[in-house]
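Containing mmCIF, C-alpha atoms: model.cif.
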data_query
#
loop_
_atom_site.label_atom_id
_atom_site.label_comp_id
_atom_site.auth_asym_id
_atom_site.auth_seq_id
_atom_site.Cartn_x
_atom_site.Cartn_y
_atom_site.Cartn_z
CA MET L 1 0.00 0.00 0.00
CA PRO L 2 1.64 3.24 -1.12
CA SER L 3 1.54 6.04 1.38
CA LEU L 4 -0.47 9.21 0.86
CA LYS L 5 2.65 11.14 0.06
CA ASP L 6 3.70 8.61 -2.61
CA LEU L 7 0.30 8.85 -4.25
CA LYS L 8 0.40 12.60 -4.19
CA ASN L 9 3.83 12.60 -5.86
CA ARG L 10 2.65 10.22 -8.55
CA ILE L 11 -0.39 12.33 -9.34
CA GLY L 12 1.90 15.33 -9.62
CA SER L 13 4.27 13.57 -12.01
CA VAL L 14 1.48 12.24 -14.24
CA LYS L 15 0.01 15.73 -14.36
CA SER L 16 3.25 17.24 -15.56
CA THR L 17 3.63 14.48 -18.17
CA GLN L 18 0.13 15.28 -19.34
CA LYS L 19 1.10 18.92 -19.72
CA ILE L 20 4.04 17.94 -21.91
CA THR L 21 2.04 15.60 -24.15
CA LYS L 22 -0.69 18.20 -24.46
CA ALA L 23 1.85 20.82 -25.52
CA MET L 24 3.43 18.41 -28.01
CA GLN L 25 0.02 17.69 -29.47
CA LEU L 26 -0.68 21.39 -29.99
CA VAL L 27 2.72 21.97 -31.55
CA ALA L 28 2.25 18.98 -33.88
CA ALA L 29 -1.18 20.26 -34.90
CA ALA L 30 0.25 23.64 -35.85
CA LYS L 31 3.16 22.05 -37.73
CA LEU L 32 0.81 19.64 -39.46
CA LYS L 33 -1.14 22.54 -40.89
CA ARG L 34 2.02 24.04 -42.35
CA ALA L 35 3.33 20.71 -43.63
CA GLN L 36 0.00 19.95 -45.28
CA ASP L 37 -0.06 23.35 -46.96
CA ALA L 38 3.45 22.81 -48.29
CA ALA L 39 2.51 19.36 -49.59
CA THR L 40 -0.60 20.72 -51.29
CA ALA L 41 1.31 23.62 -52.85
CA ALA L 42 3.87 21.24 -54.33
CA ARG L 43 1.27 18.95 -55.87
CA PRO L 44 0.46 20.83 -59.13
CA TYR L 45 4.10 20.79 -60.21
CA ALA L 46 4.49 17.08 -59.50
CA GLU L 47 1.28 16.24 -61.31
CA ARG L 48 2.07 18.31 -64.40
CA LEU L 49 5.60 17.00 -64.55
CA ALA L 50 4.28 13.44 -64.36
CA ALA L 51 1.84 14.18 -67.18
CA VAL L 52 4.56 15.67 -69.35
CA LEU L 53 6.82 12.69 -68.70
CA ALA L 54 4.08 10.17 -69.43
CA ASN L 55 3.41 12.00 -72.67
CA LEU L 56 7.01 12.08 -73.70
CA ALA L 57 7.73 8.49 -72.65
CA ALA L 58 4.78 7.25 -74.65
CA THR L 59 6.17 8.76 -77.84
CA THR L 60 9.81 7.74 -77.41
CA GLY L 61 9.18 4.04 -76.80
CA GLN L 62 12.22 1.77 -76.53
CA GLY L 63 15.30 3.82 -77.29
CA GLY L 64 15.00 6.16 -74.32
CA PRO L 65 17.75 7.09 -71.86
CA LYS L 66 18.86 4.58 -69.25
CA LEU L 67 17.15 6.39 -66.40
CA LEU L 68 13.88 5.43 -68.06
CA THR L 69 14.59 2.01 -69.53
CA GLY L 70 17.03 0.70 -66.90
CA ASN L 71 20.41 -0.83 -67.61
CA GLY L 72 19.21 -4.29 -68.45
CA THR L 73 19.58 -6.02 -65.09
CA ASP L 74 17.99 -5.80 -61.67
CA GLN L 75 20.72 -7.46 -59.63
CA THR L 76 21.56 -4.64 -57.24
CA HIS L 77 18.73 -2.88 -55.48
CA LEU L 78 19.04 0.36 -53.59
CA LEU L 79 16.36 1.00 -51.00
CA VAL L 80 15.93 4.61 -49.97
CA VAL L 81 14.24 4.52 -46.59
CA MET L 82 12.68 7.80 -45.55
CA THR L 83 11.69 8.33 -41.93
CA ALA L 84 11.48 11.17 -39.46
CA GLU L 85 14.31 12.77 -37.53
CA ARG L 86 12.44 12.47 -34.26
CA GLY L 87 10.52 9.85 -32.39
CA LEU L 88 7.44 10.07 -30.19
CA ALA L 89 5.23 9.88 -33.25
CA GLY L 90 3.35 6.68 -32.56
CA GLY L 91 4.08 3.92 -35.02
CA PHE L 92 5.13 6.27 -37.79
CA ASN L 93 8.81 5.31 -38.01
CA ALA L 94 8.24 1.70 -37.03
CA TYR L 95 5.81 1.06 -39.89
CA VAL L 96 8.19 2.42 -42.51
CA ALA L 97 11.08 0.44 -41.03
CA LYS L 98 8.95 -2.70 -41.00
CA LEU L 99 8.12 -2.36 -44.69
CA ALA L 100 11.81 -1.75 -45.41
CA ARG L 101 12.76 -4.92 -43.50
CA LEU L 102 10.18 -7.00 -45.37
CA LYS L 103 11.44 -5.61 -48.66
CA ILE L 104 15.06 -6.37 -47.77
CA GLN L 105 14.17 -9.93 -46.81
CA ALA L 106 12.12 -10.49 -49.96
CA LEU L 107 14.91 -9.18 -52.20
CA GLN L 108 17.59 -11.15 -50.41
CA ALA L 109 15.49 -14.31 -50.71
CA GLU L 110 15.51 -13.75 -54.47
CA GLY L 111 19.30 -13.59 -54.36
CA LYS L 112 19.57 -9.89 -55.12
CA THR L 113 22.16 -7.58 -53.66
CA VAL L 114 20.55 -4.97 -51.44
CA LYS L 115 21.94 -1.59 -50.45
CA VAL L 116 20.22 0.85 -48.14
CA LEU L 117 20.30 4.63 -48.12
CA THR L 118 18.58 6.13 -45.13
CA ILE L 119 16.98 9.54 -44.92
CA GLY L 120 16.08 10.62 -41.39
CA LYS L 121 17.68 9.39 -38.20
CA LYS L 122 14.97 7.16 -36.78
CA GLY L 123 14.79 4.65 -39.62
CA ARG L 124 18.54 4.28 -39.55
CA GLU L 125 18.49 3.52 -35.83
CA VAL L 126 15.89 0.81 -36.27
CA LEU L 127 17.47 -0.81 -39.33
CA ALA L 128 20.98 -0.62 -37.84
CA ARG L 129 20.15 -3.52 -35.51
CA GLU L 130 19.83 -6.06 -38.31
CA HIS L 131 20.98 -4.54 -41.56
CA SER L 132 23.78 -2.10 -40.77
CA ALA L 133 26.05 -3.97 -43.22
CA LEU L 134 23.82 -2.85 -46.09
CA PHE L 135 24.05 0.87 -45.36
CA THR L 136 25.64 2.92 -48.12
CA GLY L 137 24.81 6.37 -46.92
CA HIS L 138 22.68 8.62 -44.83
CA ILE L 139 20.99 11.95 -45.42
CA SER L 140 20.03 13.98 -42.42
CA LEU L 141 16.95 16.17 -42.46
CA SER L 142 17.75 17.83 -39.16
CA ASP L 143 18.86 21.11 -40.74
CA VAL L 144 15.74 21.42 -42.89
CA LYS L 145 13.73 24.43 -41.80
CA SER L 146 10.08 25.30 -42.34
CA ASN L 147 9.34 22.51 -44.82
CA ASN L 148 11.92 23.73 -47.31
CA PHE L 149 13.02 20.32 -48.54
CA THR L 150 14.14 21.53 -51.98
CA ASP L 151 17.87 21.37 -51.26
CA ALA L 152 17.67 18.05 -49.44
CA ALA L 153 15.65 16.50 -52.27
CA LEU L 154 18.11 17.88 -54.79
CA SER L 155 21.10 16.35 -53.04
CA VAL L 156 19.37 12.96 -52.73
CA GLY L 157 18.39 13.14 -56.41
CA GLN L 158 21.92 13.97 -57.50
CA MET L 159 23.30 11.18 -55.36
CA LEU L 160 20.89 8.70 -56.95
CA THR L 161 21.43 9.70 -60.57
CA ALA L 162 25.22 9.78 -60.10
CA GLY L 163 25.15 6.41 -58.34
CA PHE L 164 23.05 4.90 -61.10
CA GLU L 165 25.37 6.21 -63.80
CA ASN L 166 28.39 4.79 -61.97
CA GLY L 167 26.69 1.41 -61.86
CA GLU L 168 26.41 1.30 -58.07
CA PHE L 169 22.88 -0.07 -58.33
CA ASP L 170 20.37 -1.10 -60.99
CA VAL L 171 17.06 -0.34 -59.34
CA ALA L 172 16.27 2.30 -56.74
CA THR L 173 13.13 2.09 -54.65
CA LEU L 174 11.91 4.73 -52.27
CA ILE L 175 10.20 3.59 -49.10
CA TYR L 176 8.30 6.34 -47.38
CA SER L 177 5.10 7.07 -45.56
CA GLN L 178 2.36 8.26 -47.85
CA PHE L 179 0.03 10.81 -46.33
CA LYS L 180 -3.56 9.72 -46.91
CA ASN L 181 -5.18 11.83 -44.24
CA VAL L 182 -4.58 12.86 -40.66
CA LEU L 183 -5.53 9.44 -39.33
CA SER L 184 -3.85 7.23 -41.87
CA GLN L 185 -0.33 7.22 -43.24
CA VAL L 186 0.47 4.31 -45.49
CA PRO L 187 4.05 3.02 -45.79
CA THR L 188 4.66 2.82 -49.54
CA ALA L 189 7.39 1.49 -51.78
CA GLN L 190 7.84 3.43 -54.97
CA GLN L 191 10.32 2.70 -57.74
CA LEU L 192 12.45 5.73 -58.60
CA ILE L 193 15.00 4.36 -61.04
CA PRO L 194 14.32 3.23 -63.72
CA ALA L 195 11.68 5.92 -63.70
CA THR L 196 8.20 4.66 -64.34
CA ALA L 197 5.71 6.88 -66.02
CA PRO L 198 2.87 7.32 -63.56
CA GLU L 199 -0.16 5.17 -64.08
CA GLY L 200 -3.43 6.86 -64.74
CA ALA L 201 -1.80 10.06 -65.93
CA PRO L 202 -4.18 11.79 -68.28
CA VAL L 203 -3.38 11.14 -71.92
CA ILE L 204 -3.44 14.44 -73.71
CA ASP L 205 -5.54 14.48 -76.82
CA LEU L 206 -3.58 16.25 -79.51
CA GLY L 207 -6.38 16.14 -82.00
CA GLY L 208 -4.22 14.25 -84.51
CA ALA L 209 -1.40 16.78 -84.44
CA GLN L 210 2.24 15.87 -83.88
CA TYR L 211 4.33 17.23 -81.04
CA ILE L 212 7.14 19.57 -81.95
CA TYR L 213 10.14 19.04 -79.71
CA GLU L 214 12.86 21.55 -79.12
CA PRO L 215 15.79 20.74 -78.97
CA SER L 216 14.92 17.02 -79.43
CA GLU L 217 12.96 14.30 -77.69
CA GLU L 218 16.09 12.67 -76.29
CA ALA L 219 17.53 15.92 -74.98
CA LEU L 220 14.20 16.79 -73.39
CA LEU L 221 13.90 13.42 -71.72
CA GLU L 222 17.44 13.66 -70.44
CA ALA L 223 16.71 17.03 -68.89
CA LEU L 224 13.35 15.96 -67.59
CA LEU L 225 14.12 12.63 -65.92
CA PRO L 226 16.48 13.85 -63.18
CA ARG L 227 13.95 16.54 -62.37
CA TYR L 228 11.16 14.01 -62.27
CA ILE L 229 13.14 11.90 -59.82
CA ASN L 230 13.93 14.95 -57.69
CA THR L 231 10.29 15.92 -57.66
CA GLN L 232 9.22 12.48 -56.56
CA ILE L 233 11.72 12.62 -53.71
CA LEU L 234 10.59 16.11 -52.79
CA SER L 235 6.92 15.22 -52.66
CA ALA L 236 7.73 12.09 -50.66
CA MET L 237 9.63 14.26 -48.17
CA LEU L 238 6.73 16.66 -47.87
CA GLU L 239 4.22 13.85 -47.38
CA SER L 240 6.46 12.13 -44.92
CA SER L 241 6.80 15.33 -42.92
CA ALA L 242 3.04 15.91 -42.90
CA GLY L 243 2.50 12.27 -41.90
CA GLU L 244 5.02 12.55 -39.08
CA GLN L 245 3.22 15.52 -37.57
CA ALA L 246 -0.20 13.89 -38.01
CA SER L 247 1.04 10.71 -36.41
CA ARG L 248 2.62 12.62 -33.53
CA MET L 249 -0.55 14.60 -33.00
CA THR L 250 -2.64 11.43 -32.73
CA ALA L 251 -0.11 9.71 -30.51
CA MET L 252 0.10 12.68 -28.16
CA ASP L 253 -3.66 13.02 -28.07
CA ASN L 254 -3.87 9.41 -26.92
CA ALA L 255 -1.13 9.96 -24.37
CA THR L 256 -2.94 12.99 -22.97
CA ARG L 257 -6.12 10.98 -22.63
CA ASN L 258 -4.31 8.10 -20.97
CA ALA L 259 -2.79 10.52 -18.51
CA LYS L 260 -6.24 11.87 -17.74
CA ASP L 261 -7.55 8.36 -16.98
CA LEU L 262 -4.53 7.61 -14.87
CA ILE L 263 -4.94 10.80 -12.86
CA LYS L 264 -8.60 9.92 -12.25
CA ALA L 265 -7.72 6.43 -11.00
CA LEU L 266 -4.91 7.74 -8.82
CA ASN L 267 -7.12 10.44 -7.34
CA LEU L 268 -9.69 7.83 -6.40
CA LYS L 269 -7.03 5.73 -4.77
CA TYR L 270 -5.67 8.77 -2.94
CA ASN L 271 -9.10 9.74 -1.57
CA ARG L 272 -9.79 6.20 -0.45
CA ALA L 273 -6.47 5.96 1.32
CA ARG L 274 -7.08 9.30 3.03
CA GLN L 275 -10.57 8.25 4.13
CA ALA L 276 -9.21 4.93 5.41
CA GLN L 277 -6.68 6.79 7.50
CA ILE L 278 -9.31 9.12 8.97
CA THR L 279 -11.55 6.14 9.81
CA LYS L 280 -8.62 4.38 11.41
CA GLU L 281 -7.80 7.39 13.57
CA LEU L 282 -11.43 7.74 14.63
CA ILE L 283 -11.62 4.09 15.63
CA GLU L 284 -8.46 4.53 17.66
CA ILE L 285 -9.92 7.55 19.51
CA ILE L 286 -13.29 5.90 20.12
CA SER L 287 -11.83 2.63 21.34
CA GLY L 288 -9.46 4.64 23.52
CA ALA L 289 -12.43 6.50 25.04
CA GLU L 290 -14.39 3.28 25.58
CA ALA L 291 -11.50 1.70 27.41
CA LEU L 292 -11.66 4.38 30.09
CA MET O 1 -13.40 30.83 -73.51
CA ALA O 2 -12.34 29.54 -76.88
CA ASP O 3 -10.29 32.55 -77.92
CA LYS O 4 -8.18 32.61 -74.78
CA LEU O 5 -5.11 30.58 -73.95
CA HIS O 6 -5.08 28.69 -70.68
CA PHE O 7 -1.73 29.37 -69.10
CA SER O 8 -0.33 27.98 -65.88
CA LEU O 9 3.06 28.56 -64.36
CA VAL O 10 4.15 26.18 -61.63
CA SER O 11 7.34 25.84 -59.64
CA PRO O 12 8.12 22.95 -57.27
CA ALA O 13 7.08 25.14 -54.36
CA ARG O 14 3.73 26.36 -55.65
CA GLU O 15 1.51 27.40 -58.53
CA LEU O 16 2.28 31.01 -59.43
CA PHE O 17 -0.25 31.65 -62.13
CA SER O 18 -3.22 29.94 -63.61
CA GLY O 19 -5.81 31.50 -65.83
CA ALA O 20 -6.91 32.50 -69.31
CA VAL O 21 -4.70 34.96 -71.16
CA ASP O 22 -4.19 36.21 -74.71
CA HIS O 23 -0.51 35.73 -75.30
CA VAL O 24 2.53 34.39 -73.46
CA ILE O 25 6.14 34.99 -74.44
CA ALA O 26 8.66 32.58 -72.92
CA PRO O 27 12.46 32.15 -73.13
CA GLY O 28 13.13 28.80 -74.84
CA THR O 29 16.66 27.41 -74.94
CA GLU O 30 16.62 27.80 -78.71
CA GLY O 31 15.11 31.23 -78.69
CA GLU O 32 12.25 33.21 -77.28
CA PHE O 33 8.83 32.11 -78.46
CA GLY O 34 5.30 33.36 -78.20
CA VAL O 35 2.23 31.20 -77.64
CA LEU O 36 -1.25 32.19 -78.72
CA VAL O 37 -4.41 30.13 -78.45
CA ASN O 38 -4.61 27.06 -80.74
CA HIS O 39 -0.84 26.73 -80.91
CA ALA O 40 0.46 23.40 -82.28
CA PRO O 41 1.58 20.87 -79.64
CA PHE O 42 5.04 21.92 -78.66
CA MET O 43 7.52 21.08 -75.96
CA THR O 44 10.80 22.76 -75.14
CA THR O 45 13.28 23.39 -72.39
CA LEU O 46 13.65 26.89 -71.03
CA LYS O 47 16.62 29.03 -70.11
CA ASN O 48 16.71 31.69 -67.42
CA GLY O 49 14.66 34.64 -68.47
CA VAL O 50 11.44 36.57 -68.33
CA VAL O 51 8.07 35.04 -69.08
CA ARG O 52 5.68 37.76 -70.19
CA VAL O 53 1.92 37.40 -70.01
CA LEU O 54 -0.01 39.69 -72.35
CA GLU O 55 -3.60 40.79 -72.45
CA GLY O 56 -4.07 42.28 -75.90
CA ASP O 57 -0.83 44.18 -76.42
CA VAL O 58 -0.33 45.05 -72.76
CA VAL O 59 2.09 43.13 -70.58
CA ARG O 60 0.13 42.14 -67.51
CA HIS O 61 2.57 39.97 -65.61
CA ARG O 62 6.27 39.35 -65.77
CA PHE O 63 7.84 36.30 -64.16
CA TYR O 64 11.51 35.54 -63.97
CA VAL O 65 12.01 31.78 -64.36
CA ARG O 66 15.00 29.53 -63.88
CA GLY O 67 15.16 26.69 -66.39
CA GLY O 68 12.41 24.16 -66.73
CA PHE O 69 9.98 23.16 -69.45
CA ALA O 70 7.19 24.59 -71.48
CA ASP O 71 4.49 22.25 -72.71
CA VAL O 72 1.91 23.42 -75.20
CA THR O 73 -1.11 21.18 -75.73
CA PRO O 74 -4.55 21.89 -77.10
CA ALA O 75 -5.55 22.35 -73.46
CA GLY O 76 -3.15 25.24 -73.01
CA LEU O 77 0.38 26.18 -72.03
CA THR O 78 2.06 24.83 -68.93
CA ILE O 79 5.42 26.10 -67.77
CA LEU O 80 7.24 23.97 -65.23
CA ALA O 81 10.00 26.15 -63.84
CA GLU O 82 12.73 25.13 -61.44
CA GLU O 83 12.13 28.41 -59.71
CA ALA O 84 10.00 31.39 -60.62
CA ARG O 85 9.24 34.80 -59.16
CA ASN O 86 6.76 37.45 -60.01
CA LEU O 87 8.79 40.52 -60.91
CA SER O 88 6.22 42.88 -59.42
CA ASP O 89 6.71 41.19 -56.01
CA ALA O 90 10.49 41.23 -56.08
CA SER O 91 12.50 44.08 -54.64
CA ALA O 92 16.01 44.89 -55.83
CA GLN O 93 17.33 45.33 -52.31
CA GLU O 94 16.16 41.92 -51.13
CA ILE O 95 17.71 40.27 -54.17
CA ASP O 96 21.00 42.05 -53.55
CA ILE O 97 20.97 40.67 -50.02
CA GLU O 98 20.25 37.16 -51.33
CA ILE O 99 23.07 37.40 -53.85
CA GLU O 100 25.48 38.46 -51.12
CA ALA O 101 24.36 35.59 -48.87
CA ALA O 102 24.74 33.06 -51.68
CA LYS O 103 28.21 34.36 -52.55
CA LEU O 104 29.30 33.95 -48.96
CA LYS O 105 28.04 30.38 -49.02
CA VAL O 106 30.11 29.57 -52.10
CA LEU O 107 33.26 30.76 -50.33
CA GLU O 108 32.63 28.27 -47.52
CA LEU O 109 32.41 25.26 -49.83
CA ASP O 110 35.20 23.27 -51.48
CA ALA O 111 35.64 23.45 -55.23
CA GLY O 112 34.49 19.86 -55.80
CA ASP O 113 31.33 20.09 -53.75
CA THR O 114 28.17 19.39 -55.72
CA LYS O 115 26.32 21.97 -53.64
CA ARG O 116 28.62 24.62 -55.01
CA VAL O 117 27.32 24.12 -58.54
CA VAL O 118 23.78 24.45 -57.25
CA ILE O 119 24.53 27.71 -55.50
CA GLU O 120 26.41 29.09 -58.50
CA HIS O 121 23.32 28.39 -60.61
CA GLN O 122 21.28 30.16 -57.97
CA ILE O 123 23.57 33.19 -58.12
CA SER O 124 23.36 33.45 -61.89
CA TYR O 125 19.58 33.18 -61.59
CA LEU O 126 19.45 35.94 -58.99
CA GLU O 127 21.75 38.17 -61.01
CA GLY O 128 19.56 37.66 -64.06
CA LEU O 129 16.54 38.48 -61.96
CA ARG O 130 18.28 41.61 -60.69
CA GLY O 131 19.01 42.61 -64.28
CA ALA O 132 15.45 41.98 -65.38
CA LEU O 133 14.19 44.07 -62.51
CA ALA O 134 16.40 46.99 -63.45
CA SER O 135 15.27 46.98 -67.08
#
Could you quickly redo this structure as structure tokens?
Amino acid sequence: MPSLKDLKNRIGSVKSTQKITKAMQLVAAAKLKRAQDAATAARPYAERLAAVLANLAATTGQGGPKLLTGNGTDQTHLLVVMTAERGLAGGFNAYVAKLARLKIQALQAEGKTVKVLTIGKKGREVLAREHSALFTGHISLSDVKSNNFTDAALSVGQMLTAGFENGEFDVATLIYSQFKNVLSQVPTAQQLIPATAPEGAPVIDLGGAQYIYEPSEEALLEALLPRYINTQILSAMLESSAGEQASRMTAMDNATRNAKDLIKALNLKYNRARQAQITKELIEIISGAEAL
Amino acid sequence: MADKLHFSLVSPARELFSGAVDHVIAPGTEGEFGVLVNHAPFMTTLKNGVVRVLEGDVVRHRFYVRGGFADVTPAGLTILAEEARNLSDASAQEIDIEIEAAKLKVLELDAGDTKRVVIEHQISYLEGLRGALAS
């Protein structure tokens, strides 16, 4: 039986924890708004670029650049695992890491060589336990401010295209958390290299006319593909950041509610213990008086 | 509106312009070109320069774009720029400050750093923007 003082201390500590989780929830909600706005603002560019690429890829057919057609094999896979820099976001990082692990196992079972590039600290920490031998690099997002992921996406994109050209890998897949809505973030694997023209992109009706390309189709594709890859990385980063905040908000909301329940239960216990002590003291006084 | 051209200008960060206009003049890598409604399907890369949006013969908007693509379809003209700014929003002083900041950054980096190339591109974009603003 804990003493009254112990109970009082515990109630105090749960209350201060509740204050922290409540504050974190509010901060996450504010950040979520900003992250969502940034993700929405970036969408038109990504969509249009995808449409342009689909258009162009449809007309070029087989003889396209390697970034589009691949280099003939799929022996070495690079997995780009994108997670958050910080924890305390519910299952957000764990889900992405789990999908990455499954993917690694599946590829290794097929006898492929797997390499892993991590973006964000948390995923690296989780994967380091089993797969640290596969790590080829790490990109930190800790110095990214106010959802300005452009530079980070650019450096990842350059790393990937350079790595592909040097033959370091044949296929690159991005594993990130897709932002469906505030309550659901879906871990998704998306192939980056060779670039796949997006499915369901609207086919533009040219009314029988032929496209005029300047300078040439090949030159256009070569200029467009690295940008397309960068854009995919950028929008993944934005979605991942929105998902992180949404997930943290939900997790902290739950924590706040748990703390509330706990405080209620502890208060009840405290009052009972106090009442028991009063009763005990009364009995002692009365029995003392009777004995006289 | 059948006699208007649908024009949209998007950068990775946001959509800068979307609407029906008469005439757009854009800086293609192989020369400046104008697009009117019912233009033939056309796709080109862009160089740094000013995109002008005209209503009749009057220039309504001027945007300074960095690289990217222009795509003309029967549906309209789409410009996908790496970076774009509305010239009426830009102030020469702010750009001067940005150029200075970017130049300082270059000094900090090694010659072989890939970031350096990116920043040098940024500086040439900003200087072009500064020039366009002065004209």
Residue hits in chain O, query chain L, radius 7 Å, all atoms listed in the file, as a PyMOL selection string: chain O and resi 10-15+41-45+73-74+80
d(CA of Arg66 (chain O), CA of Glu82 (chain O)) in Å: 5.5 Å
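Within 10 Å of the file-frame point (17.1, 11.9, -36.3), and using only C-alpha atoms, the polymer residues found are L:Thr83, L:Ala84, L:Glu85, L:Arg86, L:Gly87, L:Ile119, L:Gly120, L:Lys121, L:Lys122, L:Gly123, L:Arg124, L:Glu125, L:Ile139, L:Ser140, L:Leu141, L:Ser142.
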Applied to this file, what does the PyMOL selection byres ((chain L and resi 79) around 12) return in terms of residues, put as a PDB file with C-alpha atoms, in the frame of the given file?
ATOM      1  CA  THR L  76      21.560  -4.640 -57.240  1.00  0.00           C
ATOM      2  CA  HIS L  77      18.730  -2.880 -55.480  1.00  0.00           C
ATOM      3  CA  LEU L  78      19.040   0.360 -53.590  1.00  0.00           C
ATOM      4  CA  VAL L  80      15.930   4.610 -49.970  1.00  0.00           C
ATOM      5  CA  VAL L  81      14.240   4.520 -46.590  1.00  0.00           C
ATOM      6  CA  MET L  82      12.680   7.800 -45.550  1.00  0.00           C
ATOM      7  CA  VAL L  96       8.190   2.420 -42.510  1.00  0.00           C
ATOM      8  CA  ALA L  97      11.080   0.440 -41.030  1.00  0.00           C
ATOM      9  CA  LEU L  99       8.120  -2.360 -44.690  1.00  0.00           C
ATOM     10  CA  ALA L 100      11.810  -1.750 -45.410  1.00  0.00           C
ATOM     11  CA  ARG L 101      12.760  -4.920 -43.500  1.00  0.00           C
ATOM     12  CA  LEU L 102      10.180  -7.000 -45.370  1.00  0.00           C
ATOM     13  CA  LYS L 103      11.440  -5.610 -48.660  1.00  0.00           C
ATOM     14  CA  ILE L 104      15.060  -6.370 -47.770  1.00  0.00           C
ATOM     15  CA  GLN L 105      14.170  -9.930 -46.810  1.00  0.00           C
ATOM     16  CA  LEU L 107      14.910  -9.180 -52.200  1.00  0.00           C
ATOM     17  CA  THR L 113      22.160  -7.580 -53.660  1.00  0.00           C
ATOM     18  CA  VAL L 114      20.550  -4.970 -51.440  1.00  0.00           C
ATOM     19  CA  LYS L 115      21.940  -1.590 -50.450  1.00  0.00           C
ATOM     20  CA  VAL L 116      20.220   0.850 -48.140  1.00  0.00           C
ATOM     21  CA  LEU L 117      20.300   4.630 -48.120  1.00  0.00           C
ATOM     22  CA  THR L 118      18.580   6.130 -45.130  1.00  0.00           C
ATOM     23  CA  ILE L 119      16.980   9.540 -44.920  1.00  0.00           C
ATOM     24  CA  LEU L 127      17.470  -0.810 -39.330  1.00  0.00           C
ATOM     25  CA  HIS L 131      20.980  -4.540 -41.560  1.00  0.00           C
ATOM     26  CA  LEU L 134      23.820  -2.850 -46.090  1.00  0.00           C
ATOM     27  CA  PHE L 135      24.050   0.870 -45.360  1.00  0.00           C
ATOM     28  CA  THR L 136      25.640   2.920 -48.120  1.00  0.00           C
ATOM     29  CA  GLY L 137      24.810   6.370 -46.920  1.00  0.00           C
ATOM     30  CA  HIS L 138      22.680   8.620 -44.830  1.00  0.00           C
ATOM     31  CA  LEU L 160      20.890   8.700 -56.950  1.00  0.00           C
ATOM     32  CA  PHE L 169      22.880  -0.070 -58.330  1.00  0.00           C
ATOM     33  CA  ASP L 170      20.370  -1.100 -60.990  1.00  0.00           C
ATOM     34  CA  VAL L 171      17.060  -0.340 -59.340  1.00  0.00           C
ATOM     35  CA  ALA L 172      16.270   2.300 -56.740  1.00  0.00           C
ATOM     36  CA  THR L 173      13.130   2.090 -54.650  1.00  0.00           C
ATOM     37  CA  LEU L 174      11.910   4.730 -52.270  1.00  0.00           C
ATOM     38  CA  ILE L 175      10.200   3.590 -49.100  1.00  0.00           C
ATOM     39  CA  TYR L 176       8.300   6.340 -47.380  1.00  0.00           C
ATOM     40  CA  THR L 188       4.660   2.820 -49.540  1.00  0.00           C
ATOM     41  CA  ALA L 189       7.390   1.490 -51.780  1.00  0.00           C
ATOM     42  CA  GLN L 190       7.840   3.430 -54.970  1.00  0.00           C
ATOM     43  CA  GLN L 191      10.320   2.700 -57.740  1.00  0.00           C
ATOM     44  CA  LEU L 192      12.450   5.730 -58.600  1.00  0.00           C
ATOM     45  CA  ILE L 193      15.000   4.360 -61.040  1.00  0.00           C
TER      46      ILE L 193
END
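Closest approach to Ile95 (chain O) among O:Gly56, O:Gly19, O:Gly31, O:Gly131 is made by O:Gly131 (distances from all atoms listed in the file).
Taking CA of Glu165 (chain L) as the reference point, CA of Ala106 (chain L) is found at 25.4 Å.
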Residue contacts of region 50-54 of chain O (8 Å, all atoms listed in the file) excluding same-chain residues fewer than 4 positions away, as a PyMOL selection string: chain O and resi 21-27+58-65+132
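Across the structure, CA of Phe69 (chain O) and CA of Ala134 (chain O) are spaced 25.4 Å apart.
Selection by the PyMOL selection byres ((chain O and resi 106) around 9) on the present file picks out O:Ala101, O:Ala102, O:Lys103, O:Leu104, O:Lys105, O:Leu107, O:Glu108, O:Leu109, O:Asp110, O:Ala111, O:Lys115, O:Arg116, O:Val117, O:Ile119, O:Glu120.
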Just so the selection is clear, what residues does the PyMOL selection byres ((chain O and resi 37) around 12) cover here, as a ChimeraX atom specification? /O:1-7,20-24,34-36,38-41,72-77
I want to know what sits within 12 Å of Lys15 (chain L), based on only C-alpha atoms, with residues of the same chain fewer than 4 positions away left out; could you give that as a PDB file with C-alpha atoms, in the frame of the given file?
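Wrote it out as result38.pdb, contents follow:
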ATOM      1  CA  LYS L   8       0.400  12.600  -4.190  1.00  0.00           C
ATOM      2  CA  ASN L   9       3.830  12.600  -5.860  1.00  0.00           C
ATOM      3  CA  ARG L  10       2.650  10.220  -8.550  1.00  0.00           C
ATOM      4  CA  ILE L  11      -0.390  12.330  -9.340  1.00  0.00           C
ATOM      5  CA  LYS L  19       1.100  18.920 -19.720  1.00  0.00           C
ATOM      6  CA  ILE L  20       4.040  17.940 -21.910  1.00  0.00           C
ATOM      7  CA  THR L  21       2.040  15.600 -24.150  1.00  0.00           C
ATOM      8  CA  LYS L  22      -0.690  18.200 -24.460  1.00  0.00           C
ATOM      9  CA  ALA L 255      -1.130   9.960 -24.370  1.00  0.00           C
ATOM     10  CA  THR L 256      -2.940  12.990 -22.970  1.00  0.00           C
ATOM     11  CA  ARG L 257      -6.120  10.980 -22.630  1.00  0.00           C
ATOM     12  CA  ASN L 258      -4.310   8.100 -20.970  1.00  0.00           C
ATOM     13  CA  ALA L 259      -2.790  10.520 -18.510  1.00  0.00           C
ATOM     14  CA  LYS L 260      -6.240  11.870 -17.740  1.00  0.00           C
ATOM     15  CA  ASP L 261      -7.550   8.360 -16.980  1.00  0.00           C
ATOM     16  CA  LEU L 262      -4.530   7.610 -14.870  1.00  0.00           C
ATOM     17  CA  ILE L 263      -4.940  10.800 -12.860  1.00  0.00           C
ATOM     18  CA  LYS L 264      -8.600   9.920 -12.250  1.00  0.00           C
ATOM     19  CA  LEU L 266      -4.910   7.740  -8.820  1.00  0.00           C
ATOM     20  CA  ASN L 267      -7.120  10.440  -7.340  1.00  0.00           C
TER      21      ASN L 267
END
